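Below is upload_2.csv, which holds CSV, C-alpha atoms and all ligand atoms.
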```csv
chain,number,residue,atom,x,y,z
A,1,MET,CA,0.1,12.9,-14.2
A,2,ASP,CA,-3.1,14.1,-12.7
A,3,LEU,CA,-2.5,13.9,-8.9
A,4,SER,CA,-6.1,15.1,-8.3
A,5,LEU,CA,-7.2,11.6,-9.3
A,6,ILE,CA,-5.5,10.0,-6.2
A,7,PRO,CA,-8.2,10.7,-3.6
A,8,LYS,CA,-10.9,9.4,-6.0
A,9,LEU,CA,-8.9,6.3,-6.8
A,10,ARG,CA,-8.1,5.7,-3.1
A,11,ARG,CA,-11.7,5.8,-2.2
A,12,ARG,CA,-12.6,3.5,-5.0
A,13,ALA,CA,-9.9,1.0,-4.0
A,14,CYS,CA,-10.9,1.3,-0.4
A,15,ARG,CA,-14.5,0.4,-1.2
A,16,ALA,CA,-13.4,-2.5,-3.4
A,17,GLN,CA,-11.3,-3.9,-0.5
A,18,ASP,CA,-14.1,-3.4,2.0
A,19,GLY,CA,-12.0,-0.9,3.9
A,20,LEU,CA,-9.2,-3.5,4.5
A,21,CYS,CA,-5.5,-2.9,3.8
A,22,PHE,CA,-4.3,-4.5,0.6
A,23,TYR,CA,-1.4,-6.0,2.4
A,24,CYS,CA,-2.1,-6.8,6.0
A,25,ARG,CA,-5.9,-7.0,5.7
A,26,LEU,CA,-6.6,-4.9,8.8
A,27,GLN,CA,-9.3,-2.3,8.9
A,28,MET,CA,-7.9,1.0,7.8
A,29,THR,CA,-8.7,4.1,9.7
A,30,ASN,CA,-6.4,6.3,7.6
A,31,PRO,CA,-6.1,4.6,4.2
A,32,THR,CA,-3.5,5.8,1.7
A,33,ALA,CA,-3.3,5.4,-2.0
A,34,GLU,CA,-0.6,2.8,-2.7
A,35,HIS,CA,1.0,2.6,-6.2
A,36,LEU,CA,1.7,-1.0,-7.0
A,37,ILE,CA,4.4,0.1,-9.4
A,38,PRO,CA,5.9,3.1,-7.6
A,39,ARG,CA,5.6,6.5,-9.1
A,40,GLN,CA,9.3,6.9,-9.2
A,41,HIS,CA,9.5,3.8,-11.3
A,42,GLY,CA,7.0,5.2,-13.7
A,43,GLY,CA,3.9,3.6,-12.2
A,44,PRO,CA,0.8,5.4,-13.5
A,45,THR,CA,-1.9,6.9,-11.3
A,46,THR,CA,-4.6,4.7,-12.6
A,47,ALA,CA,-7.2,2.4,-11.1
A,48,SER,CA,-5.2,-0.6,-12.1
A,49,ASN,CA,-2.1,0.6,-10.3
A,50,ILE,CA,-3.7,2.0,-7.2
A,51,VAL,CA,-4.7,0.0,-4.1
A,52,ALA,CA,-5.7,1.2,-0.7
A,53,ALA,CA,-3.1,0.4,2.0
A,54,CYS,CA,-2.8,1.4,5.6
A,55,ARG,CA,-0.2,4.1,6.3
A,56,ARG,CA,2.1,1.7,8.0
A,57,CYS,CA,2.3,-0.7,5.1
A,58,ASN,CA,2.6,2.1,2.5
A,59,GLU,CA,5.5,3.7,4.4
A,60,ARG,CA,7.2,0.5,5.2
A,61,ARG,CA,7.2,-0.7,1.6
A,62,HIS,CA,8.8,2.5,0.5
A,63,ALA,CA,10.8,3.1,3.7
A,64,ASP,CA,14.3,3.5,2.3
A,65,PRO,CA,14.4,5.9,-0.7
A,66,ARG,CA,17.9,4.8,-1.5
A,67,CYS,CA,16.8,1.3,-2.1
A,68,ARG,CA,14.2,0.2,-4.6
A,69,PRO,CA,10.9,-0.4,-2.9
A,70,MET,CA,10.0,-3.9,-2.2
A,71,THR,CA,7.9,-5.5,-4.9
A,72,VAL,CA,4.3,-6.2,-4.0
A,73,ASP,CA,5.1,-9.9,-3.7
A,74,GLU,CA,8.1,-9.2,-1.5
A,75,TYR,CA,6.2,-7.0,0.8
A,76,ALA,CA,3.1,-9.3,1.0
A,77,THR,CA,5.4,-12.1,1.9
A,78,LEU,CA,7.0,-10.1,4.7
A,79,VAL,CA,3.6,-9.3,6.1
A,80,LEU,CA,2.5,-12.9,5.9
A,81,LEU,CA,5.7,-14.1,7.7
A,82,GLU,CA,5.1,-11.5,10.4
A,83,HIS,CA,1.6,-12.7,10.9
A,84,GLN,CA,2.8,-16.3,11.2
A,85,ALA,CA,5.4,-15.2,13.7
A,86,GLY,CA,2.7,-13.5,15.7
A,87,ILE,CA,3.9,-10.0,15.3
A,88,SER,CA,1.2,-7.4,15.4
A,89,ALA,CA,0.7,-6.0,12.0
A,90,SER,CA,-0.5,-2.6,13.0
A,91,THR,CA,-0.5,-0.3,16.0
A,92,THR,CA,-2.0,2.8,14.5
A,93,GLY,CA,-4.0,1.5,11.6
A,101,ZN,ZN,-1.5,-2.6,6.1
```

How does this structure look as structure tokens?
Amino acid sequence: MDLSLIPKLRRRACRAQDGLCFYCRLQMTNPTAEHLIPRQHGGPTTASNIVAACRRCNERRHADPRCRPMTVDEYATLVLLEHQAGISASTTG
């Protein structure tokens, strides 16, 4: 795996998403490269598997290394439910 590709793919994803987080849709000040299929599950570092996500979303989705990360759908649903409940989606961006 060529990790040097990550910054390039992150910038590309960020542009494609207009600078908005893939999950919570907030403007990102410090975007991260999010692997849709996690690296530890064999997810490739390719444009089709990399999206830009805010640090908070990226860390939350992979918060507990003992458990499998939430799937994209599971995490997106969590964010949606929080929005509906009026919970602020981001404090630091
Ligand atoms: Zn986010």

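Between CA of Asp18 in chain A and CA of Leu81 in chain A the separation is 23.2 Å.
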
Report as a tab-separated table the residues of chain A within 6 Å of ligand ZN 101 (chain A), each with its shortest atom pair and distance in Å (one decimal), using all atoms listed in the file, ordered by chain and increasing residue number.
```
residue	atom	partner	partner_atom	distance
A:Cys21	CA	A:ZN101	ZN	4.6
A:Tyr23	CA	A:ZN101	ZN	5.0
A:Cys24	CA	A:ZN101	ZN	4.2
A:Ala53	CA	A:ZN101	ZN	5.3
A:Cys54	CA	A:ZN101	ZN	4.2
A:Arg56	CA	A:ZN101	ZN	5.9
A:Cys57	CA	A:ZN101	ZN	4.4
```

query = From the set A:Arg25, A:Arg10, A:His83, A:Arg15, which residue has the shortest atom-to-atom contact distance to Asn49 in chain A, counting all atoms listed in the file?
reply = A:Arg10

inquiry  = For a quick check of understanding, using all atoms listed in the file, which of A:Leu5, A:Arg60, A:Ala47, A:Ala16 has the smallest distance to Glu74 in chain A?
reply    =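 Closest to Glu74 in chain A, using all atoms listed in the file: A:Arg60.
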
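Interatomic distance, CA of Arg12 in chain A against CA of Pro44 in chain A: 16.0 Å.
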
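Comparing A:Cys14, A:Thr45, A:Lys8, A:Leu3 by their smallest distance to Leu26 in chain A, the closest is A:Cys14 (using all atoms listed in the file).
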
request  = State, in Å with one decimal place, the distance from CA of Pro31 in chain A to CA of Gly19 in chain A.
outcome  =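 Answer for the CA of Pro31 in chain A to CA of Gly19 in chain A separation: 8.1 Å.
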
Neighbour list for Arg55 in chain A as a count of residues only, cut-off 12 Å, all atoms listed in the file, skip fewer than 2 positions in-chain = 28

key: Contacts of Thr46 in chain A within 9 Å, only C-alpha atoms, excl. fewer than 6 positions in-chain, as a PyMOL selection string   = chain A and resi 5-6+9+35
